[in-house]
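Structure file input_34.cif with mmCIF, C-alpha atoms:
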```cif
data_model
loop_
_atom_site.group_PDB
_atom_site.id
_atom_site.type_symbol
_atom_site.label_atom_id
_atom_site.label_comp_id
_atom_site.auth_asym_id
_atom_site.auth_seq_id
_atom_site.Cartn_x
_atom_site.Cartn_y
_atom_site.Cartn_z
ATOM 1 C CA MET E 1 -0.215 13.921 47.155
ATOM 2 C CA LYS E 2 -3.573 12.120 47.109
ATOM 3 C CA LYS E 3 -5.027 14.814 44.833
ATOM 4 C CA LEU E 4 -2.081 14.420 42.454
ATOM 5 C CA LEU E 5 -2.610 10.652 42.246
ATOM 6 C CA VAL E 6 -6.291 11.187 41.452
ATOM 7 C CA LEU E 7 -5.427 13.630 38.667
ATOM 8 C CA ILE E 8 -2.891 11.217 37.178
ATOM 9 C CA LEU E 9 -5.418 8.386 37.291
ATOM 10 C CA LEU E 10 -8.118 10.500 35.658
ATOM 11 C CA SER E 11 -5.790 11.676 32.911
ATOM 12 C CA SER E 12 -4.735 8.088 32.142
ATOM 13 C CA LEU E 13 -8.352 7.013 31.918
ATOM 14 C CA LEU E 14 -9.488 9.928 29.789
ATOM 15 C CA ALA E 15 -6.523 10.045 27.391
ATOM 16 C CA PRO E 16 -7.606 7.120 25.209
ATOM 17 C CA LEU E 17 -11.182 8.455 25.117
ATOM 18 C CA SER E 18 -10.176 11.976 24.150
ATOM 19 C CA SER E 19 -7.727 10.623 21.579
ATOM 20 C CA TYR E 20 -10.286 8.329 19.985
ATOM 21 C CA ALA E 21 -11.892 11.215 18.123
ATOM 22 C CA GLN E 22 -8.578 11.806 16.356
ATOM 23 C CA TYR E 23 -8.584 8.340 14.780
ATOM 24 C CA ASP E 24 -10.834 6.637 12.260
ATOM 25 C CA LEU E 25 -10.786 10.169 10.906
ATOM 26 C CA LEU E 26 -10.643 11.775 7.477
ATOM 27 C CA SER E 27 -8.713 15.044 7.267
ATOM 28 C CA ALA E 28 -8.678 17.345 4.225
ATOM 29 C CA LYS E 29 -5.298 19.021 3.733
ATOM 30 C CA LYS E 30 -5.663 22.131 1.586
ATOM 31 C CA GLY E 31 -2.723 24.369 0.749
ATOM 32 C CA VAL E 32 -0.522 22.875 3.459
ATOM 33 C CA ILE E 33 2.284 22.416 0.898
ATOM 34 C CA LYS E 34 2.701 25.488 -1.280
ATOM 35 C CA GLY E 35 2.270 24.746 -4.974
ATOM 36 C CA ASN E 36 1.418 21.106 -4.335
ATOM 37 C CA TYR E 37 -1.668 18.908 -4.486
ATOM 38 C CA ASN E 38 -4.427 19.095 -1.913
ATOM 39 C CA PHE E 39 -4.953 15.710 -0.297
ATOM 40 C CA TRP E 40 -6.889 13.603 2.186
ATOM 41 C CA VAL E 41 -5.333 11.737 5.108
ATOM 42 C CA TYR E 42 -7.184 8.820 6.668
ATOM 43 C CA THR E 43 -6.060 7.700 10.125
ATOM 44 C CA PRO E 44 -7.161 4.149 11.044
ATOM 45 C CA GLU E 45 -9.098 3.345 14.193
ATOM 46 C CA GLU E 46 -6.174 1.636 15.961
ATOM 47 C CA TYR E 47 -3.650 4.350 15.079
ATOM 48 C CA TYR E 48 -3.447 5.553 18.705
ATOM 49 C CA TYR E 49 -1.930 2.195 19.679
ATOM 50 C CA THR E 50 0.114 1.353 16.557
ATOM 51 C CA GLN E 51 1.664 4.606 15.381
ATOM 52 C CA GLU E 52 5.313 3.523 14.980
ATOM 53 C CA THR E 53 4.298 0.303 13.216
ATOM 54 C CA THR E 54 1.518 1.759 11.048
ATOM 55 C CA PRO E 55 2.089 1.496 7.271
ATOM 56 C CA LEU E 56 1.397 4.383 4.892
ATOM 57 C CA ILE E 57 -0.544 3.935 1.645
ATOM 58 C CA ILE E 58 -0.592 6.539 -1.122
ATOM 59 C CA PHE E 59 -3.618 6.189 -3.424
ATOM 60 C CA LEU E 60 -3.562 7.864 -6.845
ATOM 61 C CA HIS E 61 -6.856 8.368 -8.667
ATOM 62 C CA GLY E 62 -7.640 8.312 -12.367
ATOM 63 C CA ALA E 63 -8.426 11.162 -14.772
ATOM 64 C CA SER E 64 -12.167 11.177 -13.982
ATOM 65 C CA LEU E 65 -11.471 12.519 -10.474
ATOM 66 C CA CYS E 66 -9.123 15.336 -11.508
ATOM 67 C CA GLY E 67 -10.128 18.870 -10.605
ATOM 68 C CA HIS E 68 -10.342 21.172 -7.600
ATOM 69 C CA ASP E 69 -13.177 19.559 -5.632
ATOM 70 C CA LEU E 70 -11.378 17.341 -3.124
ATOM 71 C CA ASN E 71 -14.583 15.411 -2.423
ATOM 72 C CA ARG E 72 -14.336 13.839 -5.892
ATOM 73 C CA VAL E 73 -11.336 11.824 -4.691
ATOM 74 C CA LEU E 74 -13.633 9.919 -2.319
ATOM 75 C CA ARG E 75 -15.723 8.406 -5.113
ATOM 76 C CA TYR E 76 -13.584 5.253 -5.317
ATOM 77 C CA GLY E 77 -10.296 3.906 -4.044
ATOM 78 C CA SER E 78 -8.662 3.015 -0.757
ATOM 79 C CA ILE E 79 -10.281 5.734 1.373
ATOM 80 C CA ASP E 80 -13.693 4.930 -0.081
ATOM 81 C CA ALA E 81 -13.087 1.272 0.820
ATOM 82 C CA ALA E 82 -12.307 2.320 4.413
ATOM 83 C CA GLN E 83 -15.435 4.482 4.457
ATOM 84 C CA MET E 84 -17.483 1.492 3.341
ATOM 85 C CA GLY E 85 -16.105 -0.703 6.116
ATOM 86 C CA LEU E 86 -13.040 -2.512 4.764
ATOM 87 C CA MET E 87 -10.477 -2.664 7.576
ATOM 88 C CA ILE E 88 -7.239 -1.171 6.242
ATOM 89 C CA PRO E 89 -4.771 -0.814 9.141
ATOM 90 C CA ALA E 90 -2.760 1.978 7.539
ATOM 91 C CA LEU E 91 -2.575 5.707 7.112
ATOM 92 C CA ILE E 92 -3.977 6.478 3.674
ATOM 93 C CA VAL E 93 -3.002 9.563 1.691
ATOM 94 C CA ALA E 94 -5.127 10.460 -1.336
ATOM 95 C CA PRO E 95 -4.022 13.583 -3.249
ATOM 96 C CA GLN E 96 -6.070 15.241 -5.973
ATOM 97 C CA ASN E 97 -4.477 15.943 -9.314
ATOM 98 C CA PRO E 98 -5.967 19.100 -10.901
ATOM 99 C CA GLY E 99 -5.039 17.791 -14.358
ATOM 100 C CA GLY E 100 -2.161 16.378 -16.382
ATOM 101 C CA TRP E 101 0.288 13.634 -15.460
ATOM 102 C CA TRP E 102 1.016 12.950 -11.795
ATOM 103 C CA ASN E 103 4.230 14.671 -10.717
ATOM 104 C CA PRO E 104 6.506 12.228 -8.801
ATOM 105 C CA HIS E 105 8.386 15.087 -7.129
ATOM 106 C CA LYS E 106 5.194 16.622 -5.756
ATOM 107 C CA LEU E 107 4.151 13.213 -4.432
ATOM 108 C CA ASN E 108 7.519 12.916 -2.738
ATOM 109 C CA GLU E 109 6.962 16.325 -1.110
ATOM 110 C CA ILE E 110 3.679 15.005 0.319
ATOM 111 C CA LEU E 111 5.483 11.928 1.641
ATOM 112 C CA GLU E 112 8.095 14.128 3.318
ATOM 113 C CA TRP E 113 5.329 16.321 4.773
ATOM 114 C CA MET E 114 3.701 13.213 6.221
ATOM 115 C CA LYS E 115 6.983 12.255 7.875
ATOM 116 C CA LEU E 116 7.037 15.619 9.651
ATOM 117 C CA HIS E 117 3.405 15.577 10.778
ATOM 118 C CA TYR E 118 2.530 11.907 11.386
ATOM 119 C CA VAL E 119 4.228 8.920 12.983
ATOM 120 C CA PHE E 120 4.370 5.768 10.848
ATOM 121 C CA ASP E 121 6.703 2.996 9.735
ATOM 122 C CA GLU E 122 8.794 4.664 7.028
ATOM 123 C CA SER E 123 10.021 1.270 5.814
ATOM 124 C CA ARG E 124 6.427 0.361 4.866
ATOM 125 C CA VAL E 125 5.266 3.034 2.435
ATOM 126 C CA TYR E 126 3.139 1.779 -0.462
ATOM 127 C CA VAL E 127 1.612 3.320 -3.574
ATOM 128 C CA LEU E 128 -1.251 2.100 -5.729
ATOM 129 C CA GLY E 129 -3.460 3.627 -8.371
ATOM 130 C CA MET E 130 -5.452 2.974 -11.525
ATOM 131 C CA SER E 131 -5.695 4.538 -14.981
ATOM 132 C CA LEU E 132 -3.947 7.935 -14.742
ATOM 133 C CA GLY E 133 -3.142 6.837 -11.180
ATOM 134 C CA GLY E 134 -1.568 3.686 -12.592
ATOM 135 C CA TYR E 135 0.786 5.866 -14.602
ATOM 136 C CA GLY E 136 1.449 7.948 -11.500
ATOM 137 C CA THR E 137 2.151 4.837 -9.461
ATOM 138 C CA LEU E 138 4.817 3.598 -11.864
ATOM 139 C CA ASP E 139 6.316 7.051 -12.367
ATOM 140 C CA PHE E 140 6.487 7.704 -8.610
ATOM 141 C CA ALA E 141 7.777 4.238 -7.686
ATOM 142 C CA GLY E 142 10.316 4.268 -10.517
ATOM 143 C CA THR E 143 11.597 7.707 -9.469
ATOM 144 C CA TYR E 144 11.813 6.941 -5.732
ATOM 145 C CA PRO E 145 12.244 3.150 -5.445
ATOM 146 C CA ASP E 146 14.292 3.624 -2.271
ATOM 147 C CA LYS E 147 11.237 5.094 -0.496
ATOM 148 C CA ILE E 148 8.467 2.761 -1.704
ATOM 149 C CA ALA E 149 8.253 -0.747 -0.218
ATOM 150 C CA ALA E 150 5.878 -2.055 -2.925
ATOM 151 C CA ALA E 151 3.471 -0.778 -5.589
ATOM 152 C CA VAL E 152 0.344 -1.904 -7.446
ATOM 153 C CA ALA E 153 -0.376 -0.285 -10.827
ATOM 154 C CA LEU E 154 -3.795 -0.974 -12.353
ATOM 155 C CA CYS E 155 -4.701 -0.345 -16.022
ATOM 156 C CA GLY E 156 -2.035 2.313 -16.465
ATOM 157 C CA GLY E 157 1.375 2.705 -18.048
ATOM 158 C CA SER E 158 4.369 4.966 -17.512
ATOM 159 C CA THR E 159 5.846 8.190 -18.823
ATOM 160 C CA LEU E 160 9.317 7.256 -17.558
ATOM 161 C CA LYS E 161 12.097 7.194 -20.112
ATOM 162 C CA ASP E 162 14.175 4.911 -17.898
ATOM 163 C CA TYR E 163 12.536 1.883 -16.259
ATOM 164 C CA ARG E 164 15.530 0.818 -14.176
ATOM 165 C CA GLY E 165 14.069 2.194 -10.954
ATOM 166 C CA LEU E 166 11.009 -0.030 -11.382
ATOM 167 C CA GLY E 167 13.216 -3.096 -11.092
ATOM 168 C CA GLU E 168 14.340 -2.123 -7.581
ATOM 169 C CA LEU E 169 11.043 -2.703 -5.761
ATOM 170 C CA PRO E 170 8.266 -5.326 -5.613
ATOM 171 C CA LEU E 171 5.782 -4.333 -8.283
ATOM 172 C CA TRP E 172 2.438 -5.752 -9.410
ATOM 173 C CA ILE E 173 1.058 -4.554 -12.756
ATOM 174 C CA VAL E 174 -2.488 -5.550 -13.725
ATOM 175 C CA HIS E 175 -4.456 -4.675 -16.864
ATOM 176 C CA GLY E 176 -7.641 -5.939 -18.520
ATOM 177 C CA THR E 177 -7.452 -7.105 -22.125
ATOM 178 C CA ALA E 178 -10.800 -5.454 -22.960
ATOM 179 C CA ASP E 179 -9.805 -2.033 -21.604
ATOM 180 C CA ARG E 180 -10.988 0.623 -24.062
ATOM 181 C CA ALA E 181 -9.917 3.634 -21.995
ATOM 182 C CA VAL E 182 -6.243 2.699 -21.602
ATOM 183 C CA SER E 183 -5.027 -0.086 -23.873
ATOM 184 C CA VAL E 184 -3.401 -3.096 -22.241
ATOM 185 C CA HIS E 185 -0.458 -2.374 -24.540
ATOM 186 C CA GLU E 186 0.481 0.540 -22.260
ATOM 187 C CA SER E 187 1.226 -1.841 -19.376
ATOM 188 C CA GLN E 188 2.705 -4.442 -21.715
ATOM 189 C CA LYS E 189 5.139 -1.829 -23.012
ATOM 190 C CA VAL E 190 6.455 -1.295 -19.476
ATOM 191 C CA VAL E 191 6.821 -5.038 -18.873
ATOM 192 C CA ALA E 192 8.574 -5.495 -22.226
ATOM 193 C CA GLY E 193 10.952 -2.651 -21.398
ATOM 194 C CA MET E 194 11.772 -4.195 -18.016
ATOM 195 C CA LYS E 195 12.373 -7.566 -19.670
ATOM 196 C CA THR E 196 14.774 -5.954 -22.130
ATOM 197 C CA LEU E 197 16.706 -4.487 -19.205
ATOM 198 C CA GLY E 198 16.640 -7.813 -17.345
ATOM 199 C CA ILE E 199 15.005 -6.312 -14.236
ATOM 200 C CA THR E 200 11.899 -8.463 -13.754
ATOM 201 C CA SER E 201 12.934 -10.483 -10.666
ATOM 202 C CA ARG E 202 10.665 -8.310 -8.470
ATOM 203 C CA LEU E 203 7.869 -7.961 -11.027
ATOM 204 C CA ARG E 204 4.422 -9.562 -11.140
ATOM 205 C CA TYR E 205 2.030 -8.838 -13.972
ATOM 206 C CA GLU E 206 -1.354 -10.092 -15.118
ATOM 207 C CA TRP E 207 -3.474 -9.481 -18.184
ATOM 208 C CA LEU E 208 -7.078 -10.196 -17.162
ATOM 209 C CA PRO E 209 -8.989 -11.749 -20.088
ATOM 210 C CA GLY E 210 -12.072 -9.725 -21.031
ATOM 211 C CA ALA E 211 -11.729 -7.274 -18.122
ATOM 212 C CA SER E 212 -12.824 -3.702 -18.790
ATOM 213 C CA HIS E 213 -11.204 -0.531 -17.510
ATOM 214 C CA GLY E 214 -13.580 0.011 -14.587
ATOM 215 C CA ALA E 215 -13.528 -3.625 -13.493
ATOM 216 C CA LEU E 216 -10.102 -3.209 -11.918
ATOM 217 C CA ALA E 217 -11.435 -0.739 -9.330
ATOM 218 C CA ARG E 218 -12.468 -3.833 -7.372
ATOM 219 C CA TYR E 219 -8.827 -4.307 -6.364
ATOM 220 C CA PHE E 220 -9.208 -1.415 -3.924
ATOM 221 C CA TYR E 221 -12.060 -3.216 -2.154
ATOM 222 C CA THR E 222 -10.473 -6.595 -1.484
ATOM 223 C CA SER E 223 -8.325 -7.119 1.599
ATOM 224 C CA LYS E 224 -5.877 -9.265 -0.385
ATOM 225 C CA THR E 225 -4.569 -6.195 -2.195
ATOM 226 C CA TYR E 226 -3.463 -4.677 1.101
ATOM 227 C CA GLU E 227 -2.261 -8.009 2.489
ATOM 228 C CA TRP E 228 0.029 -8.281 -0.530
ATOM 229 C CA LEU E 229 1.390 -4.759 -0.064
ATOM 230 C CA PHE E 230 2.000 -5.302 3.656
ATOM 231 C CA GLN E 231 4.187 -8.350 2.947
ATOM 232 C CA HIS E 232 6.950 -6.009 1.762
ATOM 233 C CA THR E 233 9.327 -3.764 3.661
ATOM 234 C CA LEU E 234 12.381 -1.660 2.899
ATOM 235 C CA LYS E 235 14.092 -3.393 5.813
ATOM 236 C CA ASP E 236 14.447 -6.559 3.720
ATOM 237 C CA PRO E 237 17.778 -6.091 1.892
ATOM 238 C CA TRP E 238 16.705 -8.407 -0.956
ATOM 239 C CA ARG E 239 13.218 -6.939 -1.377
ATOM 240 C CA PRO E 240 11.677 -10.092 -2.935
ATOM 241 C CA VAL E 241 8.229 -9.865 -4.508
ATOM 242 C CA ASN E 242 5.474 -11.878 -2.822
ATOM 243 C CA THR E 243 4.089 -14.544 -5.145
ATOM 244 C CA THR E 244 1.996 -16.503 -2.630
ATOM 245 C CA ILE E 245 -0.954 -14.107 -2.409
ATOM 246 C CA ASP E 246 -3.193 -14.326 -5.471
ATOM 247 C CA ILE E 247 -6.244 -12.227 -6.223
ATOM 248 C CA THR E 248 -8.653 -14.446 -8.111
ATOM 249 C CA LYS E 249 -11.704 -13.722 -10.211
ATOM 250 C CA THR E 250 -13.786 -14.923 -7.266
ATOM 251 C CA ASP E 251 -12.013 -12.497 -4.922
ATOM 252 C CA LEU E 252 -12.857 -9.634 -7.267
ATOM 253 C CA SER E 253 -16.461 -10.783 -7.663
ATOM 254 C CA ASN E 254 -16.852 -10.825 -3.871
ATOM 255 C CA ALA E 255 -14.872 -7.633 -3.271
ATOM 256 C CA TYR E 256 -17.789 -5.511 -2.055
ATOM 257 C CA ARG E 257 -19.280 -8.356 -0.021
ATOM 258 C CA GLU E 258 -16.257 -9.581 1.934
ATOM 259 C CA PHE E 259 -16.467 -6.959 4.672
ATOM 260 C CA GLN E 260 -19.160 -5.692 7.024
ATOM 261 C CA HIS E 261 -20.404 -2.364 5.722
ATOM 262 C CA ARG E 262 -20.235 0.366 8.326
ATOM 263 C CA THR E 263 -23.430 2.112 9.370
ATOM 264 C CA ASP E 264 -21.766 5.328 10.566
ATOM 265 C CA GLN E 265 -19.848 7.958 8.635
ATOM 266 C CA LEU E 266 -16.201 8.875 9.019
ATOM 267 C CA GLU E 267 -15.625 12.050 10.977
ATOM 268 C CA ARG E 268 -14.064 14.743 8.801
ATOM 269 C CA GLU E 269 -11.931 17.766 9.522
ATOM 270 C CA LEU E 270 -10.479 20.545 7.395
ATOM 271 C CA ASP E 271 -6.814 21.486 7.735
ATOM 272 C CA TYR E 272 -5.727 24.361 5.509
ATOM 273 C CA GLU E 273 -2.926 26.895 5.339
ATOM 274 C CA ARG E 274 -4.114 30.167 6.799
#
```
Please go through the file and, once you have read it, give me the structure as structure tokens.
Amino acid sequence: MKKLLVLILLSSLLAPLSSYAQYDLLSAKKGVIKGNYNFWVYTPEEYYYTQETTPLIIFLHGASLCGHDLNRVLRYGSIDAAQMGLMIPALIVAPQNPGGWWNPHKLNEILEWMKLHYVFDESRVYVLGMSLGGYGTLDFAGTYPDKIAAAVALCGGSTLKDYRGLGELPLWIVHGTADRAVSVHESQKVVAGMKTLGITSRLRYEWLPGASHGALARYFYTSKTYEWLFQHTLKDPWRPVNTTIDITKTDLSNAYREFQHRTDQLERELDYER
């Protein structure tokens, strides 16, 4: 009996230590969903203690990161921000698009795969992206508004023929007026279409004077972006859009300086279909 108590005590003491290596971790998922995108999954440091309440963020990159080298996806975005030291208390999924428009149905398959393999708060799933990823964000959110608690679309647009789904969730569209890669008119077209349909009660949008295409990448590196997302949940029957959190020019200027840069590197693992 005494030996059993000692074993139980040792296991309780060692469990958090042995589990720690599984968190604050970057895992490459290759071929785990047949015919789908490869993707990264970042698990936050506190995930061991917060699993059921942990949000899930889906980050969609732009055209410059398309291809078959998954490491390219780490060049900017939410996972890169976590690697740099920004505290983002969420699971982060970052798929790689080999080329072409993002496919909302493939992204939904990844979300369903995550539900089977990770524990998280399914009422707090968020999507954000810029450029081609901005298009993907609107296309995904507009196709599955019942699964996405809120979305942020930066310097993108939409390929959707029907915008009605976009009116069902809190949505923040941002575009720079000096964007030469993707014209601000692409985002303005979506807003105009939503206004025509009378579905803008959950919509926020901003046209940043003089902002270039690349300037909007700073949104991934400011904590206010994630604070705004986390204000929303599918459990709220009215799903109102938060209008109290603003991201100012000063916030964007200080984006890379607001957090303590980490001196270590994220542990990585490879998970692939054998």
Residues within 12 Å of Lys106 (chain E), only C-alpha atoms, excluding chain neighbours under 5 positions, as a PDB file with C-alpha atoms, in the frame of the given file:
```pdb
ATOM      1  CA  ILE E  33       2.284  22.416   0.898  1.00  0.00           C
ATOM      2  CA  LYS E  34       2.701  25.488  -1.280  1.00  0.00           C
ATOM      3  CA  GLY E  35       2.270  24.746  -4.974  1.00  0.00           C
ATOM      4  CA  ASN E  36       1.418  21.106  -4.335  1.00  0.00           C
ATOM      5  CA  TYR E  37      -1.668  18.908  -4.486  1.00  0.00           C
ATOM      6  CA  ASN E  38      -4.427  19.095  -1.913  1.00  0.00           C
ATOM      7  CA  PHE E  39      -4.953  15.710  -0.297  1.00  0.00           C
ATOM      8  CA  PRO E  95      -4.022  13.583  -3.249  1.00  0.00           C
ATOM      9  CA  GLN E  96      -6.070  15.241  -5.973  1.00  0.00           C
ATOM     10  CA  ASN E  97      -4.477  15.943  -9.314  1.00  0.00           C
ATOM     11  CA  TRP E 101       0.288  13.634 -15.460  1.00  0.00           C
ATOM     12  CA  LEU E 111       5.483  11.928   1.641  1.00  0.00           C
ATOM     13  CA  GLU E 112       8.095  14.128   3.318  1.00  0.00           C
ATOM     14  CA  TRP E 113       5.329  16.321   4.773  1.00  0.00           C
ATOM     15  CA  GLY E 136       1.449   7.948 -11.500  1.00  0.00           C
ATOM     16  CA  ASP E 139       6.316   7.051 -12.367  1.00  0.00           C
ATOM     17  CA  PHE E 140       6.487   7.704  -8.610  1.00  0.00           C
ATOM     18  CA  THR E 143      11.597   7.707  -9.469  1.00  0.00           C
ATOM     19  CA  TYR E 144      11.813   6.941  -5.732  1.00  0.00           C
TER      20      TYR E 144
END
```
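With only C-alpha atoms as the atoms that count, the minimum distance from Thr137 (chain E) to the choices E:Pro237, E:Pro104, E:Gly193, E:Gly167 is reached by E:Pro104.
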Looking at E:Thr244, E:Thr196, E:Thr50, E:Ser212, which one is nearest to Tyr118 (chain E), with distances taken over all atoms listed in the file?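 Going through E:Thr244, E:Thr196, E:Thr50, E:Ser212 one by one, the smallest distance to Tyr118 (chain E) is for E:Thr50.
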Contacts of Met194 (chain E) at 12 Å or less, counting all atoms listed in the file, minus same-chain residues fewer than 6 places along, as a short mmCIF file (atom, residue, chain, number, x, y, z; two decimals) with C-alpha atoms, in the frame of the given file?
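Wrote around-v2.cif, looks like this:
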```
data_model
loop_
_atom_site.label_atom_id
_atom_site.label_comp_id
_atom_site.auth_asym_id
_atom_site.auth_seq_id
_atom_site.Cartn_x
_atom_site.Cartn_y
_atom_site.Cartn_z
CA GLY E 142 10.32 4.27 -10.52
CA SER E 158 4.37 4.97 -17.51
CA LEU E 160 9.32 7.26 -17.56
CA LYS E 161 12.10 7.19 -20.11
CA ASP E 162 14.18 4.91 -17.90
CA TYR E 163 12.54 1.88 -16.26
CA ARG E 164 15.53 0.82 -14.18
CA GLY E 165 14.07 2.19 -10.95
CA LEU E 166 11.01 -0.03 -11.38
CA GLY E 167 13.22 -3.10 -11.09
CA GLU E 168 14.34 -2.12 -7.58
CA LEU E 171 5.78 -4.33 -8.28
CA ILE E 173 1.06 -4.55 -12.76
CA SER E 187 1.23 -1.84 -19.38
CA GLN E 188 2.70 -4.44 -21.72
CA THR E 200 11.90 -8.46 -13.75
CA SER E 201 12.93 -10.48 -10.67
CA ARG E 202 10.66 -8.31 -8.47
CA LEU E 203 7.87 -7.96 -11.03
CA ARG E 204 4.42 -9.56 -11.14
CA TYR E 205 2.03 -8.84 -13.97
#
```
Which residues, named as in the file, does the PyMOL selection byres ((chain E and resi 255) around 9) pick out? Answer as an MDAnalysis selection string. chainID E and resid 218:223 250:254 256:259
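Evaluated against the shown file, the PyMOL selection byres ((chain E and resi 65) around 9) gives His61, Gly62, Ala63, Ser64, Cys66, Gly67, Asp69, Leu70, Arg72, Val73, Leu74, Arg75, Gln96, Asn97 and Pro98 of chain E.
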For CA of Val191 (chain E) and CA of Ile148 (chain E), the interatomic separation in Å (one decimal):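 Computing it gives 18.9 Å between the two atoms.
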Separation of CA of Lys235 (chain E) from CA of Glu52 (chain E), in Å and rounded to one decimal: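 Distance reported for this atom pair: 14.5 Å.
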Quick one: pull the distance between CA of Lys195 (chain E) and CA of Trp238 (chain E), Å, one decimal.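 Between these atoms lies a distance of 19.2 Å.
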Neighbours of point (-7.0, 5.7, -0.4) within 9 Å, using only C-alpha atoms, written as an MDAnalysis selection string: chainID E and resid 40:42 57:61 73:74 76:82 91:95 128:129 220
Which of these, E:Lys29, E:His213, E:His261, E:Lys147, has the shortest distance to Ser123 (chain E) once you count all atoms listed in the file?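 Looking at the shortest contact to Ser123 (chain E), the residue is E:Lys147.
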Of E:Thr248, E:Gln260, E:Leu132, E:Leu56, the one nearest to Gly99 (chain E) when counting all atoms listed in the file is E:Leu132
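Selection check: the PyMOL selection byres ((chain E and resi 229) around 10) on the shown file gives Pro55, Ile57, Arg124, Val125, Tyr126, Val127, Leu128, Ala149, Ala150, Ala151, Val152, Pro170, Leu171, Trp172, Lys224, Thr225, Tyr226, Glu227, Trp228, Phe230, Gln231, His232, Thr233, Val241, Asn242 and Ile245 of chain E.
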Just add N, CA, C and O atoms to region 26-38 of chain E and send it as a PDB file, keeping the file's coordinate frame.
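Listed below is the output, out.pdb:
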```
ATOM      1  N   LEU E  26     -11.016  11.338   8.813  1.00  0.00           N
ATOM      2  CA  LEU E  26     -10.643  11.775   7.477  1.00  0.00           C
ATOM      3  C   LEU E  26     -10.356  13.269   7.531  1.00  0.00           C
ATOM      4  O   LEU E  26     -11.210  14.066   7.929  1.00  0.00           O
ATOM      5  N   SER E  27      -9.133  13.650   7.169  1.00  0.00           N
ATOM      6  CA  SER E  27      -8.713  15.044   7.267  1.00  0.00           C
ATOM      7  C   SER E  27      -8.345  15.586   5.887  1.00  0.00           C
ATOM      8  O   SER E  27      -7.532  15.001   5.176  1.00  0.00           O
ATOM      9  N   ALA E  28      -8.967  16.693   5.508  1.00  0.00           N
ATOM     10  CA  ALA E  28      -8.678  17.345   4.225  1.00  0.00           C
ATOM     11  C   ALA E  28      -7.536  18.336   4.403  1.00  0.00           C
ATOM     12  O   ALA E  28      -7.633  19.256   5.209  1.00  0.00           O
ATOM     13  N   LYS E  29      -6.467  18.142   3.660  1.00  0.00           N
ATOM     14  CA  LYS E  29      -5.298  19.021   3.733  1.00  0.00           C
ATOM     15  C   LYS E  29      -5.288  19.921   2.493  1.00  0.00           C
ATOM     16  O   LYS E  29      -5.026  19.456   1.388  1.00  0.00           O
ATOM     17  N   LYS E  30      -5.576  21.193   2.708  1.00  0.00           N
ATOM     18  CA  LYS E  30      -5.663  22.131   1.586  1.00  0.00           C
ATOM     19  C   LYS E  30      -4.611  23.232   1.735  1.00  0.00           C
ATOM     20  O   LYS E  30      -4.599  23.952   2.727  1.00  0.00           O
ATOM     21  N   GLY E  31      -3.733  23.319   0.749  1.00  0.00           N
ATOM     22  CA  GLY E  31      -2.723  24.369   0.749  1.00  0.00           C
ATOM     23  C   GLY E  31      -1.648  24.215   1.795  1.00  0.00           C
ATOM     24  O   GLY E  31      -0.917  25.171   2.059  1.00  0.00           O
ATOM     25  N   VAL E  32      -1.526  23.039   2.404  1.00  0.00           N
ATOM     26  CA  VAL E  32      -0.522  22.875   3.459  1.00  0.00           C
ATOM     27  C   VAL E  32       0.890  22.767   2.885  1.00  0.00           C
ATOM     28  O   VAL E  32       1.868  22.974   3.592  1.00  0.00           O
ATOM     29  N   ILE E  33       0.989  22.421   1.584  1.00  0.00           N
ATOM     30  CA  ILE E  33       2.284  22.416   0.898  1.00  0.00           C
ATOM     31  C   ILE E  33       2.152  23.366  -0.286  1.00  0.00           C
ATOM     32  O   ILE E  33       1.396  23.087  -1.230  1.00  0.00           O
ATOM     33  N   LYS E  34       2.837  24.460  -0.256  1.00  0.00           N
ATOM     34  CA  LYS E  34       2.701  25.488  -1.280  1.00  0.00           C
ATOM     35  C   LYS E  34       3.000  24.930  -2.667  1.00  0.00           C
ATOM     36  O   LYS E  34       4.035  24.292  -2.894  1.00  0.00           O
ATOM     37  N   GLY E  35       2.078  25.176  -3.595  1.00  0.00           N
ATOM     38  CA  GLY E  35       2.270  24.746  -4.974  1.00  0.00           C
ATOM     39  C   GLY E  35       2.079  23.262  -5.206  1.00  0.00           C
ATOM     40  O   GLY E  35       2.381  22.772  -6.301  1.00  0.00           O
ATOM     41  N   ASN E  36       1.564  22.556  -4.207  1.00  0.00           N
ATOM     42  CA  ASN E  36       1.418  21.106  -4.335  1.00  0.00           C
ATOM     43  C   ASN E  36      -0.062  20.725  -4.379  1.00  0.00           C
ATOM     44  O   ASN E  36      -0.946  21.578  -4.338  1.00  0.00           O
ATOM     45  N   TYR E  37      -0.305  19.415  -4.461  1.00  0.00           N
ATOM     46  CA  TYR E  37      -1.668  18.908  -4.486  1.00  0.00           C
ATOM     47  C   TYR E  37      -2.337  19.071  -3.115  1.00  0.00           C
ATOM     48  O   TYR E  37      -1.669  18.965  -2.076  1.00  0.00           O
ATOM     49  N   ASN E  38      -3.636  19.286  -3.117  1.00  0.00           N
ATOM     50  CA  ASN E  38      -4.427  19.095  -1.913  1.00  0.00           C
ATOM     51  C   ASN E  38      -4.625  17.592  -1.737  1.00  0.00           C
ATOM     52  O   ASN E  38      -4.607  16.832  -2.715  1.00  0.00           O
TER      53      ASN E  38
END
```
